[in-house]
Every structure is written in C-alpha cells, then in structure tokens.
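Below is the file input_28.txt, which contains compact mmCIF, C-alpha atoms.
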```txt
# COMPACT_ATOMS: atom_id res chain seq x y z
CA MET A 1 57.76 72.35 113.17
CA PRO A 2 57.84 75.02 110.44
CA ALA A 3 59.86 78.17 111.10
CA ARG A 4 57.74 81.18 111.99
CA ALA A 5 57.41 83.66 109.15
CA GLY A 6 59.48 86.83 109.50
CA LYS A 7 61.55 85.55 112.38
CA ARG A 8 64.44 83.12 112.33
CA PRO A 9 64.07 80.54 115.06
CA GLY A 10 66.75 80.40 117.73
CA ARG A 11 68.01 83.97 117.37
CA ARG A 12 67.59 86.41 120.19
CA PRO A 13 67.18 90.14 119.54
CA GLY A 14 70.59 91.79 119.19
CA GLU A 15 72.17 88.60 117.95
CA THR A 16 72.02 89.69 114.32
CA GLN A 17 73.82 92.95 115.11
CA THR A 18 76.48 91.08 117.05
CA ARG A 19 77.00 88.65 114.15
CA GLN A 20 77.24 91.57 111.73
CA ALA A 21 79.78 93.32 113.96
CA ILE A 22 81.88 90.15 114.10
CA LEU A 23 81.64 89.61 110.32
CA SER A 24 82.62 93.20 109.64
CA ALA A 25 85.62 93.01 111.98
CA ALA A 26 86.62 89.66 110.46
CA ARG A 27 86.39 91.01 106.92
CA THR A 28 88.71 93.89 107.76
CA ARG A 29 91.20 91.75 109.67
CA PHE A 30 91.31 89.00 107.01
CA ALA A 31 91.73 91.59 104.27
CA GLU A 32 94.55 93.34 106.09
CA GLN A 33 96.40 90.44 107.65
CA GLY A 34 95.42 87.32 105.75
CA TYR A 35 94.08 84.11 107.22
CA GLU A 36 97.01 83.31 109.49
CA GLY A 37 97.60 86.84 110.70
CA ALA A 38 94.00 87.57 111.67
CA THR A 39 93.34 85.97 115.06
CA VAL A 40 89.92 85.22 116.53
CA ARG A 41 91.05 87.18 119.59
CA ALA A 42 91.81 90.32 117.55
CA ILE A 43 88.54 90.02 115.60
CA ALA A 44 86.60 89.67 118.85
CA ARG A 45 88.36 92.73 120.27
CA ASP A 46 87.52 94.79 117.17
CA ALA A 47 83.88 93.69 117.38
CA ASP A 48 83.87 94.39 121.12
CA VAL A 49 82.77 90.87 122.08
CA ASP A 50 84.29 87.94 123.94
CA PRO A 51 86.33 85.51 121.75
CA ALA A 52 84.14 82.67 123.08
CA LEU A 53 81.13 84.37 121.53
CA VAL A 54 82.82 84.39 118.11
CA LEU A 55 83.32 80.65 118.37
CA HIS A 56 79.80 80.18 119.73
CA PHE A 57 78.38 81.85 116.62
CA PHE A 58 80.73 80.51 113.96
CA GLY A 59 82.21 77.33 115.42
CA SER A 60 85.71 77.87 114.02
CA LYS A 61 88.00 80.39 112.37
CA ARG A 62 87.52 78.59 109.04
CA VAL A 63 83.74 78.95 109.13
CA LEU A 64 84.09 82.58 110.16
CA PHE A 65 86.45 83.16 107.25
CA THR A 66 84.02 81.58 104.77
CA ALA A 67 81.14 83.66 106.12
CA ALA A 68 83.14 86.91 106.13
CA THR A 69 84.64 86.67 102.67
CA SER A 70 81.59 86.37 100.51
CA TRP A 71 81.74 87.46 96.89
CA PRO A 72 80.86 91.17 96.56
CA PHE A 73 78.58 90.79 93.54
CA GLU A 74 75.63 88.81 92.28
CA THR A 75 77.12 86.24 89.92
CA GLY A 76 74.16 85.86 87.53
CA GLU A 77 74.20 89.58 86.84
CA ALA A 78 78.00 89.61 86.54
CA LEU A 79 77.86 86.78 84.04
CA GLU A 80 75.37 88.64 81.86
CA LYS A 81 77.58 91.74 81.84
CA ILE A 82 80.56 89.69 80.72
CA VAL A 83 79.04 87.41 78.11
CA ALA A 84 76.54 89.83 76.53
CA GLY A 85 78.08 91.54 73.50
CA PRO A 86 80.47 90.68 70.70
CA ARG A 87 82.75 87.72 71.31
CA SER A 88 85.73 89.76 70.10
CA GLN A 89 85.38 92.02 73.18
CA LEU A 90 84.96 89.25 75.77
CA GLY A 91 88.39 89.79 77.36
CA GLN A 92 87.82 93.50 77.58
CA ARG A 93 84.44 93.02 79.26
CA LEU A 94 85.96 90.55 81.73
CA ALA A 95 88.74 93.03 82.55
CA ARG A 96 86.25 95.90 82.87
CA PHE A 97 84.03 93.87 85.18
CA PHE A 98 86.89 93.09 87.59
CA LEU A 99 88.27 96.63 87.44
CA SER A 100 84.82 98.04 88.28
CA ILE A 101 84.74 95.94 91.46
CA TRP A 102 88.37 96.39 92.40
CA ASP A 103 88.39 100.14 91.96
CA ASP A 104 85.65 100.36 94.61
CA PRO A 105 87.44 99.92 97.97
CA GLN A 106 84.31 98.51 99.66
CA ARG A 107 83.89 95.75 97.10
CA ARG A 108 87.62 95.19 96.64
CA GLU A 109 88.24 94.34 100.27
CA PRO A 110 86.62 90.87 100.45
CA ILE A 111 88.35 89.75 97.24
CA MET A 112 91.76 90.99 98.37
CA GLY A 113 91.12 89.28 101.71
CA MET A 114 90.50 86.03 99.85
CA LEU A 115 93.68 86.48 97.81
CA ARG A 116 95.79 87.23 100.88
CA ALA A 117 94.33 84.29 102.77
CA GLY A 118 94.57 81.98 99.76
CA THR A 119 98.33 82.36 99.53
CA THR A 120 98.93 81.14 103.08
CA ASP A 121 96.06 78.79 103.87
CA PRO A 122 95.11 75.72 101.79
CA HIS A 123 91.47 75.94 102.89
CA ALA A 124 91.26 79.56 101.78
CA ALA A 125 93.01 78.64 98.52
CA GLU A 126 90.36 76.00 97.85
CA LEU A 127 87.59 78.43 98.65
CA LEU A 128 89.07 81.04 96.31
CA ARG A 129 89.49 78.50 93.52
CA ASP A 130 85.97 77.18 93.90
CA THR A 131 84.39 80.61 94.10
CA LEU A 132 86.26 82.00 91.13
CA MET A 133 85.83 78.91 88.97
CA ASN A 134 82.36 77.69 89.90
CA LEU A 135 80.57 80.96 90.36
CA LEU A 136 82.05 83.13 87.69
CA LEU A 137 84.65 81.84 85.29
CA GLY A 138 83.09 78.39 84.95
CA PRO A 139 79.81 79.81 83.65
CA VAL A 140 81.78 82.15 81.35
CA ALA A 141 83.67 79.09 80.09
CA SER A 142 80.47 77.13 79.46
CA ARG A 143 79.33 79.90 77.11
CA LEU A 144 82.61 79.70 75.22
CA ASP A 145 81.90 76.36 73.68
CA GLU A 146 85.61 75.43 73.62
CA SER A 147 86.89 71.99 74.54
CA ASP A 148 89.73 73.49 76.61
CA ALA A 149 87.51 75.94 78.47
CA GLU A 150 88.98 74.99 81.88
CA LEU A 151 92.49 75.80 80.73
CA ARG A 152 91.24 79.09 79.28
CA VAL A 153 89.51 80.25 82.43
CA SER A 154 92.40 79.15 84.66
CA LEU A 155 94.76 81.30 82.55
CA CYS A 156 92.37 84.24 82.93
CA SER A 157 92.14 83.66 86.67
CA ALA A 158 95.91 83.57 86.94
CA HIS A 159 96.29 86.83 85.05
CA LEU A 160 93.51 88.59 86.93
CA ILE A 161 94.84 87.42 90.30
CA GLY A 162 98.30 88.70 89.44
CA PHE A 163 96.97 92.00 88.21
CA GLY A 164 94.85 92.44 91.34
CA ILE A 165 97.76 91.64 93.64
CA ALA A 166 100.23 93.84 91.74
CA ARG A 167 97.88 96.83 91.53
CA TYR A 168 96.09 96.80 94.88
CA ILE A 169 98.30 94.86 97.30
CA LEU A 170 101.90 95.25 96.14
CA HIS A 171 101.25 98.69 94.61
CA PHE A 172 103.51 98.19 91.61
CA GLU A 173 103.87 101.45 89.71
CA PRO A 174 102.72 102.60 87.26
CA LEU A 175 100.08 99.82 87.46
CA ALA A 176 98.75 101.02 90.80
CA SER A 177 97.88 104.52 89.64
CA LEU A 178 96.72 103.59 86.15
CA ASP A 179 93.28 104.79 85.08
CA GLY A 180 90.77 101.91 85.14
CA GLU A 181 89.84 102.15 81.48
CA ARG A 182 93.52 102.24 80.47
CA ALA A 183 94.06 99.09 82.53
CA VAL A 184 91.19 97.42 80.64
CA GLU A 185 92.87 98.37 77.36
CA LEU A 186 96.15 96.89 78.53
CA ILE A 187 95.05 93.54 79.93
CA GLY A 188 91.90 93.02 77.84
CA PRO A 189 93.73 91.60 74.79
CA ALA A 190 95.63 89.03 76.91
CA LEU A 191 92.35 87.86 78.47
CA GLN A 192 90.73 87.84 75.04
CA ARG A 193 93.40 85.52 73.68
CA TYR A 194 93.09 83.23 76.71
CA LEU A 195 89.30 83.07 76.36
CA ALA A 196 88.77 82.92 72.64
CA GLY A 197 92.09 83.00 70.79
CA ARG A 198 94.39 80.33 69.44
CA LEU A 199 96.37 78.72 72.27
CA MET B 1 141.69 97.44 112.67
CA PRO B 2 141.44 95.38 109.48
CA ALA B 3 139.49 92.11 109.60
CA ARG B 4 141.67 89.02 109.74
CA ALA B 5 141.83 87.18 106.44
CA GLY B 6 139.80 83.96 106.21
CA LYS B 7 137.87 84.62 109.35
CA ARG B 8 135.00 86.99 109.93
CA PRO B 9 135.56 89.00 113.08
CA GLY B 10 133.12 88.52 115.93
CA ARG B 11 131.90 85.06 114.90
CA ARG B 12 132.55 82.13 117.14
CA PRO B 13 132.92 78.62 115.70
CA GLY B 14 129.52 77.02 115.22
CA GLU B 15 127.87 80.39 114.75
CA THR B 16 127.74 80.03 110.99
CA GLN B 17 125.97 76.66 111.24
CA THR B 18 123.49 78.12 113.71
CA ARG B 19 122.78 81.05 111.40
CA GLN B 20 122.32 78.65 108.50
CA ALA B 21 119.94 76.49 110.53
CA ILE B 22 117.90 79.56 111.46
CA LEU B 23 117.84 80.82 107.84
CA SER B 24 116.78 77.43 106.55
CA ALA B 25 113.98 77.14 109.12
CA ALA B 26 112.90 80.72 108.37
CA ARG B 27 112.82 80.08 104.61
CA THR B 28 110.55 77.09 105.06
CA ARG B 29 108.25 78.80 107.54
CA PHE B 30 107.95 82.01 105.49
CA ALA B 31 107.29 79.99 102.35
CA GLU B 32 104.60 77.91 104.00
CA GLN B 33 102.91 80.43 106.25
CA GLY B 34 103.77 83.87 104.94
CA TYR B 35 105.27 86.74 106.89
CA GLU B 36 102.55 87.06 109.52
CA GLY B 37 102.01 83.36 110.06
CA ALA B 38 105.68 82.48 110.56
CA THR B 39 106.60 83.39 114.13
CA VAL B 40 110.14 83.85 115.43
CA ARG B 41 109.23 81.34 118.13
CA ALA B 42 108.28 78.65 115.58
CA ILE B 43 111.37 79.35 113.47
CA ALA B 44 113.57 79.07 116.56
CA ARG B 45 111.90 75.78 117.49
CA ASP B 46 112.46 74.37 113.99
CA ALA B 47 116.13 75.43 114.13
CA ASP B 48 116.43 74.02 117.65
CA VAL B 49 117.64 77.28 119.18
CA ASP B 50 116.31 79.79 121.68
CA PRO B 51 114.11 82.58 120.18
CA ALA B 52 116.43 85.11 121.86
CA LEU B 53 119.30 83.79 119.76
CA VAL B 54 117.34 84.42 116.55
CA LEU B 55 116.89 88.03 117.58
CA HIS B 56 120.51 88.26 118.72
CA PHE B 57 121.67 87.21 115.25
CA PHE B 58 119.14 89.04 113.09
CA GLY B 59 117.82 91.86 115.26
CA SER B 60 114.21 91.58 114.06
CA LYS B 61 111.78 89.41 112.14
CA ARG B 62 112.02 91.84 109.21
CA VAL B 63 115.78 91.49 108.94
CA LEU B 64 115.48 87.72 109.25
CA PHE B 65 112.90 87.71 106.48
CA THR B 66 115.13 89.75 104.17
CA ALA B 67 118.09 87.46 104.86
CA ALA B 68 116.05 84.28 104.37
CA THR B 69 114.29 85.16 101.16
CA SER B 70 117.15 85.91 98.84
CA TRP B 71 116.68 85.57 95.10
CA PRO B 72 117.51 81.99 93.94
CA PHE B 73 119.52 82.96 90.86
CA GLU B 74 122.36 85.19 89.78
CA THR B 75 120.69 88.14 88.11
CA GLY B 76 123.40 89.02 85.57
CA GLU B 77 123.28 85.53 84.17
CA ALA B 78 119.49 85.51 84.24
CA LEU B 79 119.41 88.77 82.34
CA GLU B 80 121.66 87.42 79.60
CA LYS B 81 119.45 84.36 79.17
CA ILE B 82 116.41 86.54 78.76
CA VAL B 83 117.70 89.32 76.53
CA ALA B 84 120.01 87.28 74.28
CA GLY B 85 118.20 86.19 71.13
CA PRO B 86 115.55 87.56 68.78
CA ARG B 87 113.35 90.31 70.17
CA SER B 88 110.27 88.50 68.85
CA GLN B 89 110.89 85.69 71.38
CA LEU B 90 111.56 87.90 74.41
CA GLY B 91 108.28 87.03 76.16
CA GLN B 92 108.83 83.34 75.59
CA ARG B 93 112.37 83.52 77.03
CA LEU B 94 111.10 85.44 80.06
CA ALA B 95 108.39 82.82 80.62
CA ARG B 96 110.87 79.98 80.15
CA PHE B 97 113.31 81.53 82.60
CA PHE B 98 110.69 81.79 85.36
CA LEU B 99 109.27 78.34 84.65
CA SER B 100 112.77 76.82 84.88
CA ILE B 101 113.16 78.25 88.38
CA TRP B 102 109.61 77.59 89.55
CA ASP B 103 109.52 74.00 88.39
CA ASP B 104 112.49 73.30 90.68
CA PRO B 105 111.02 73.06 94.22
CA GLN B 106 114.30 74.14 95.85
CA ARG B 107 114.49 77.35 93.87
CA ARG B 108 110.77 77.95 93.85
CA GLU B 109 110.47 78.07 97.61
CA PRO B 110 112.12 81.44 98.34
CA ILE B 111 110.13 83.16 95.58
CA MET B 112 106.83 81.68 96.74
CA GLY B 113 107.78 82.71 100.27
CA MET B 114 108.25 86.26 99.04
CA LEU B 115 104.89 86.20 97.25
CA ARG B 116 103.07 84.84 100.28
CA ALA B 117 104.71 87.35 102.57
CA GLY B 118 104.20 90.22 100.10
CA THR B 119 100.44 89.84 100.16
CA THR B 120 100.18 90.34 103.91
CA ASP B 121 103.12 92.54 104.87
CA PRO B 122 103.91 95.96 103.37
CA HIS B 123 107.63 95.58 104.06
CA ALA B 124 107.72 92.24 102.24
CA ALA B 125 105.69 93.76 99.40
CA GLU B 126 108.29 96.51 99.04
CA LEU B 127 111.11 93.99 99.09
CA LEU B 128 109.41 91.87 96.43
CA ARG B 129 108.75 94.90 94.25
CA ASP B 130 112.31 96.17 94.56
CA THR B 131 113.87 92.80 93.94
CA LEU B 132 111.73 91.99 90.93
CA MET B 133 111.98 95.44 89.39
CA ASN B 134 115.54 96.48 90.23
CA LEU B 135 117.34 93.21 89.86
CA LEU B 136 115.61 91.58 86.95
CA LEU B 137 112.81 93.28 85.12
CA GLY B 138 114.34 96.76 85.33
CA PRO B 139 117.49 95.65 83.47
CA VAL B 140 115.31 93.81 80.94
CA ALA B 141 113.32 97.03 80.49
CA SER B 142 116.46 99.10 79.99
CA ARG B 143 117.37 96.88 77.03
CA LEU B 144 113.94 97.39 75.52
CA ASP B 145 114.52 101.00 74.60
CA GLU B 146 110.85 101.86 75.08
CA SER B 147 109.67 105.05 76.77
CA ASP B 148 107.02 103.14 78.75
CA ALA B 149 109.39 100.39 79.89
CA GLU B 150 108.24 100.64 83.53
CA LEU B 151 104.64 100.04 82.57
CA ARG B 152 105.71 97.11 80.40
CA VAL B 153 107.71 95.37 83.09
CA SER B 154 105.06 95.97 85.73
CA LEU B 155 102.50 94.26 83.48
CA CYS B 156 104.89 91.33 83.05
CA SER B 157 105.47 91.15 86.79
CA ALA B 158 101.73 91.16 87.42
CA HIS B 159 101.14 88.34 84.97
CA LEU B 160 104.08 86.26 86.20
CA ILE B 161 103.07 86.72 89.85
CA GLY B 162 99.52 85.62 89.07
CA PHE B 163 100.72 82.63 87.10
CA GLY B 164 103.10 81.60 89.89
CA ILE B 165 100.42 81.90 92.56
CA ALA B 166 97.77 80.09 90.48
CA ARG B 167 100.07 77.23 89.47
CA TYR B 168 102.16 76.63 92.58
CA ILE B 169 100.20 78.02 95.54
CA LEU B 170 96.50 77.85 94.65
CA HIS B 171 96.98 74.77 92.43
CA PHE B 172 94.45 75.82 89.81
CA GLU B 173 93.88 73.01 87.34
CA PRO B 174 94.81 72.37 84.62
CA LEU B 175 97.49 75.08 85.13
CA ALA B 176 99.10 73.27 88.03
CA SER B 177 99.82 70.07 86.13
CA LEU B 178 100.68 71.69 82.81
CA ASP B 179 103.98 70.74 81.22
CA GLY B 180 106.52 73.58 81.60
CA GLU B 181 107.11 74.08 77.89
CA ARG B 182 103.35 74.16 77.22
CA ALA B 183 103.04 76.84 79.90
CA VAL B 184 105.73 78.87 78.13
CA GLU B 185 103.74 78.57 74.88
CA LEU B 186 100.60 79.75 76.62
CA ILE B 187 101.86 82.78 78.55
CA GLY B 188 104.81 83.73 76.32
CA PRO B 189 102.71 85.70 73.80
CA ALA B 190 101.04 87.78 76.53
CA LEU B 191 104.47 88.66 77.99
CA GLN B 192 105.77 89.38 74.50
CA ARG B 193 102.99 91.89 73.87
CA TYR B 194 103.60 93.53 77.24
CA LEU B 195 107.35 93.79 76.60
CA ALA B 196 107.54 94.69 72.95
CA GLY B 197 104.06 94.94 71.42
CA ARG B 198 101.69 97.83 70.85
CA LEU B 199 99.97 98.80 74.10
```

Encoding of this model in structure tokens:
Amino acid sequence: MPARAGKRPGRRPGETQTRQAILSAARTRFAEQGYEGATVRAIARDADVDPALVLHFFGSKRVLFTAATSWPFETGEALEKIVAGPRSQLGQRLARFFLSIWDDPQRREPIMGMLRAGTTDPHAAELLRDTLMNLLLGPVASRLDESDAELRVSLCSAHLIGFGIARYILHFEPLASLDGERAVELIGPALQRYLAGRL
Amino acid sequence: MPARAGKRPGRRPGETQTRQAILSAARTRFAEQGYEGATVRAIARDADVDPALVLHFFGSKRVLFTAATSWPFETGEALEKIVAGPRSQLGQRLARFFLSIWDDPQRREPIMGMLRAGTTDPHAAELLRDTLMNLLLGPVASRLDESDAELRVSLCSAHLIGFGIARYILHFEPLASLDGERAVELIGPALQRYLAGRL
C-alpha cells in the first residue's frame, strides 16, 4: 500500500515534536559529554520524556547518536564552495569553509559532538571517519586527480580535527581567540600542501 | 617530625602495590573510555579493590586522573632532542619525537588517555593544555626567539593532536598504517612552518 501523500504512515500527532525534543536534547548532551558520558536517561530527562520512549523511537543509543549528530551543511553546496576557484587557493578555501561552520555555535555543536564521541567510542569514530571522508573530503579528493588523494585528504582531516579540538574544545590560546580570517591564513598553506603540494 | 629515611610515613606495607594497581587500572580505563566513561567503580573492579579505597587513596576521580595520566617521557631530555640540531629541521625533529612515543603502545596510552579525556572534561582539557604547553612546547618556544612563540606552539599542538587522534584513535587510513618515518616527512614541513616560518 502506497504511503498517503503529506502524511507519514505510523506517526501520531505530537510524535514529531517529541522526536525533535529528544534529538535536540541528545545533540546537546553528546556535544557536551561525548558518547559515553551522555546517558539515555539524562537525554530523556532533558527532553521531558520517559527513557523507554527514547528507546521506542530510536531503538538504541547508537541509532540515537547517528540521528542526532547529522552534518550541519549540505555537502554538494559545500563541495562547490571548496573546489570552485584557483587550485592554488584550495587549502585556504577548505580552511575558510570549516571556520565558517565552526565559528557559528549552532553549526559547530554537532561536529564537536562527533569529535568528542569519536575519541571514546569506536562506532562514533567510524561514523566520523565515514562522514568526513565520504561526504566531503572524498569528493574534494576526486577532483584533485592525484593518485595519493586518500593520503592527502586524511592529512587534511587530521589537521582540521586537531585545529577544531584545540580551538573550540581545549581552548588553546591564542588559537581560541584568533580571528577567523587570520586562522584561515595560518592553516590554509598547510592544507594546501597536503591537498596539492609535493609530499 | 622529620620523615624516616627509606620509608614514607603513613603508608602500610602493600599500600604501594595497591596504589599501583589502581593507577594501572585507571590509566587503561581513562585511555579506553575517556574521563566521563571511566567510572571509579569500574577502575576499582579492574584493580580488585573496593571503590571506597580508591577514594581513600586519591580523594576524587579528578586527582586519580591527574595521577594516572602522567607524561610518558622526561621533558628535559625530550627538549634537548627537539632543539638540538639545525633550525631548518626543527619541525621534523618535533614530529619524529612524537612519533617515537606514539608508535610505542606503552607510551602512547597515557597521552591518548589525556586526549580522550580532554575532549569531554574541562579539567582534563586544562591539564592537557598545561602539560603540553608548559612542559614541552613552551620550552621549545622559548628557544625560538620569536615574538609570537605562543601562537606558533599552539598551532603545532593543534596539528600534533589532530594527527595523533586521526592515526591512533580514529584509525584514518592510510594515516593509521603509515610508516613512522614517512609520517615525519609528511607532517614535518607543516610543523616547521608553524615553528620557524613566515606566518
């Protein structure tokens, strides 16, 4: 039987709001406490629902984590922003793209949540790796036309992850209070070499 | 009253072994699960002691964490290895020094534990920052004779942290299975620019 237009089958009114409340609470908890630290019980309490309801909707903490930590940008659009323009500025555009997301607390939160969770949970690490590589850096690599594109994008990922953690989670100074465009100037050349330089 | 020579006051026989067992269990748990994930209860179970004894010895989880995650090298010696030699190879020596520690699982563990814990716990983040900056990169910076030495070492820290997480925790390929000396070749120039290049 085809699904009725304009209405998802099997969802009662109010269910969508409840799911959204749970996802929002989960996003905050995962971002603040990482995968291990954020309990289903605490997420349920924040969302003002019974823990059983969280599991009824999402099945497990892992599935909830995957649903809550979605990438805060549309990857096709992101890719265009990064690859369009002179090849000599590729690293700078990649740096600027990440800085533009990270300097916006709303969009930073899911990525930092993924990073926090990825360092303590193998499932979250896999998710982070797949998301970063398949959705964003992989397509950038495929435009590079280099035989060692995987190595190049994994070096960029490593540098970007470290910069994100040092600036936004560990608050290393003066990195943490650096102007965004200055940060682009500083890390852009390293990313440029990793993407398109001699290795 | 002066302490008796050869014996620490207030420690019963067997106490040292118990402390060591607790520290060893804590090190492993913190490394594997991060600060939040590693509970005093689980650490006590691994060390085969009562959780109350852990708190009796260390007072709190924070103190236990600080005691368990000590730096796995002697910093004066490390500093000499890094700064001795031509300035043009400084980044390469810094990379080689970290790789030599990280490629040894025994010595890697406490640092990875600090990184994992630092991403979820502000106290651990502070400890990681202070240790990295004050004990190692700060002294390197002071030999640089650059007015922006703090910025330079924080950029190096960021890159090294990201490389460590990507290679040893997230297992990004091909970074994770890269030969150590090849890794030094790859990241050395970025560290060199951060330490001594034009920014």

Excluding same-chain residues fewer than 3 positions from segment 164-179 of chain B, what lies within 6 Å of it counting all atoms listed in the file, as a PDB file with C-alpha atoms, keeping the file's coordinate frame?
```pdb
ATOM      1  CA  ALA A 125      93.010  78.640  98.520  1.00  0.00           C
ATOM      2  CA  LEU A 151      92.490  75.800  80.730  1.00  0.00           C
ATOM      3  CA  ALA A 158      95.910  83.570  86.940  1.00  0.00           C
TER       4      ALA A 158
ATOM      5  CA  ILE B 161     103.070  86.720  89.850  1.00  0.00           C
ATOM      6  CA  ARG B 182     103.350  74.160  77.220  1.00  0.00           C
TER       7      ARG B 182
END
```

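With only C-alpha atoms as the basis for measurement, B:Leu115 is the residue among B:Leu115, B:Leu137, B:Leu195, B:Ala26 that approaches chain A most closely.
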
inquiry  = Please report the interatomic distance between atom CA of Gly188 of chain A and atom CA of Met112 of chain A in Å with one decimal.
reply    = 20.6 Å

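Of note, atom CA of Val83 of chain A and atom CA of Asp104 of chain A are spaced 22.0 Å apart.
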
ask   = Smallest atom-to-atom distance to chain A: which of B:Ala190, B:Met133, B:Leu23, B:Ala183, using all atoms listed in the file?
value =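 Looking only at the distances to chain A, the closest residue turns out to be B:Ala190.
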
task = Extract, using all atoms listed in the file, all DNA, RNA and protein residues at most 10 Å from Arg193 of chain A, discarding same-chain residues fewer than 3 positions from it, and format them as a list in words.
result = Ser88, Leu90, Gly91, Arg152, Leu155, Cys156, Gly188, Pro189, Ala190, Ala196, Gly197, Arg198 and Leu199 of chain A; Leu186, Pro189 and Ala190 of chain B

Test item: residues at most 6 Å from Arg116 of chain B, all atoms listed in the file, excluding those fewer than 2 positions along its chain, as a short mmCIF file (atom, residue, chain, number, x, y, z; two decimals) with C-alpha atoms, in the frame of the given file:
```cif
data_model
loop_
_atom_site.label_atom_id
_atom_site.label_comp_id
_atom_site.auth_asym_id
_atom_site.auth_seq_id
_atom_site.Cartn_x
_atom_site.Cartn_y
_atom_site.Cartn_z
CA THR A 119 98.33 82.36 99.53
CA GLY B 34 103.77 83.87 104.94
CA GLY B 113 107.78 82.71 100.27
CA MET B 114 108.25 86.26 99.04
CA GLY B 118 104.20 90.22 100.10
CA THR B 119 100.44 89.84 100.16
#
```

inquiry  = What's the separation between atom CA of Leu191 of chain B and atom CA of Gln192 of chain A, in Å to one decimal place?
reply    =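 Pair atom CA of Leu191 of chain B / atom CA of Gln192 of chain A returns 14.1 Å.
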
Please check which residues have atoms at most 8 Å from (111.5, 80.0, 103.7) in the file's coordinates, counting all atoms listed in the file, and write them as a tab-separated table (two decimals) with C-alpha atoms, in the coordinates of the input.
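And here's part.tsv as it stands now:
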```tsv
chain	number	residue	atom	x	y	z
B	23	LEU	CA	117.84	80.82	107.84
B	24	SER	CA	116.78	77.43	106.55
B	25	ALA	CA	113.98	77.14	109.12
B	26	ALA	CA	112.90	80.72	108.37
B	27	ARG	CA	112.82	80.08	104.61
B	28	THR	CA	110.55	77.09	105.06
B	29	ARG	CA	108.25	78.80	107.54
B	30	PHE	CA	107.95	82.01	105.49
B	31	ALA	CA	107.29	79.99	102.35
B	32	GLU	CA	104.60	77.91	104.00
B	68	ALA	CA	116.05	84.28	104.37
B	69	THR	CA	114.29	85.16	101.16
B	109	GLU	CA	110.47	78.07	97.61
B	110	PRO	CA	112.12	81.44	98.34
B	113	GLY	CA	107.78	82.71	100.27
```

request  = Have a look at B:Glu126, B:Glu80, B:Glu15, B:Asp50 and name the one nearest to chain A; count all atoms listed in the file.
outcome  = B:Glu126

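Comparing A:Asp130, A:Glu77, A:Glu146, A:Glu181 by their smallest distance to chain B, the closest is A:Asp130 (using all atoms listed in the file).
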
N, CA and C atoms for segment 150-163 of chain B, written as a PDB file, in the frame of the given file, could you do that?
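rebuild.pdb, written as the output of this step:
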```
ATOM      1  N   GLU B 150     108.701 100.972  82.171  1.00  0.00           N
ATOM      2  CA  GLU B 150     108.240 100.640  83.530  1.00  0.00           C
ATOM      3  C   GLU B 150     106.851 100.023  83.528  1.00  0.00           C
ATOM      4  N   LEU B 151     105.984 100.596  82.703  1.00  0.00           N
ATOM      5  CA  LEU B 151     104.640 100.040  82.570  1.00  0.00           C
ATOM      6  C   LEU B 151     104.729  98.612  82.035  1.00  0.00           C
ATOM      7  N   ARG B 152     105.568  98.421  81.040  1.00  0.00           N
ATOM      8  CA  ARG B 152     105.710  97.110  80.400  1.00  0.00           C
ATOM      9  C   ARG B 152     106.199  96.046  81.402  1.00  0.00           C
ATOM     10  N   VAL B 153     107.220  96.392  82.165  1.00  0.00           N
ATOM     11  CA  VAL B 153     107.710  95.370  83.090  1.00  0.00           C
ATOM     12  C   VAL B 153     106.759  95.169  84.260  1.00  0.00           C
ATOM     13  N   SER B 154     106.008  96.203  84.635  1.00  0.00           N
ATOM     14  CA  SER B 154     105.060  95.970  85.730  1.00  0.00           C
ATOM     15  C   SER B 154     103.915  95.074  85.271  1.00  0.00           C
ATOM     16  N   LEU B 155     103.520  95.175  84.012  1.00  0.00           N
ATOM     17  CA  LEU B 155     102.500  94.260  83.480  1.00  0.00           C
ATOM     18  C   LEU B 155     103.028  92.821  83.446  1.00  0.00           C
ATOM     19  N   CYS B 156     104.285  92.664  83.039  1.00  0.00           N
ATOM     20  CA  CYS B 156     104.890  91.330  83.050  1.00  0.00           C
ATOM     21  C   CYS B 156     104.960  90.766  84.464  1.00  0.00           C
ATOM     22  N   SER B 157     105.393  91.600  85.402  1.00  0.00           N
ATOM     23  CA  SER B 157     105.470  91.150  86.790  1.00  0.00           C
ATOM     24  C   SER B 157     104.105  90.686  87.273  1.00  0.00           C
ATOM     25  N   ALA B 158     103.086  91.498  86.979  1.00  0.00           N
ATOM     26  CA  ALA B 158     101.730  91.160  87.420  1.00  0.00           C
ATOM     27  C   ALA B 158     101.314  89.798  86.873  1.00  0.00           C
ATOM     28  N   HIS B 159     101.559  89.599  85.573  1.00  0.00           N
ATOM     29  CA  HIS B 159     101.140  88.340  84.970  1.00  0.00           C
ATOM     30  C   HIS B 159     101.941  87.164  85.536  1.00  0.00           C
ATOM     31  N   LEU B 160     103.243  87.343  85.683  1.00  0.00           N
ATOM     32  CA  LEU B 160     104.080  86.260  86.200  1.00  0.00           C
ATOM     33  C   LEU B 160     103.714  85.923  87.648  1.00  0.00           C
ATOM     34  N   ILE B 161     103.467  86.949  88.453  1.00  0.00           N
ATOM     35  CA  ILE B 161     103.070  86.720  89.850  1.00  0.00           C
ATOM     36  C   ILE B 161     101.768  85.921  89.896  1.00  0.00           C
ATOM     37  N   GLY B 162     100.802  86.321  89.084  1.00  0.00           N
ATOM     38  CA  GLY B 162      99.520  85.620  89.070  1.00  0.00           C
ATOM     39  C   GLY B 162      99.674  84.182  88.610  1.00  0.00           C
ATOM     40  N   PHE B 163     100.516  83.986  87.603  1.00  0.00           N
ATOM     41  CA  PHE B 163     100.720  82.630  87.100  1.00  0.00           C
ATOM     42  C   PHE B 163     101.392  81.771  88.165  1.00  0.00           C
TER      43      PHE B 163
END
```
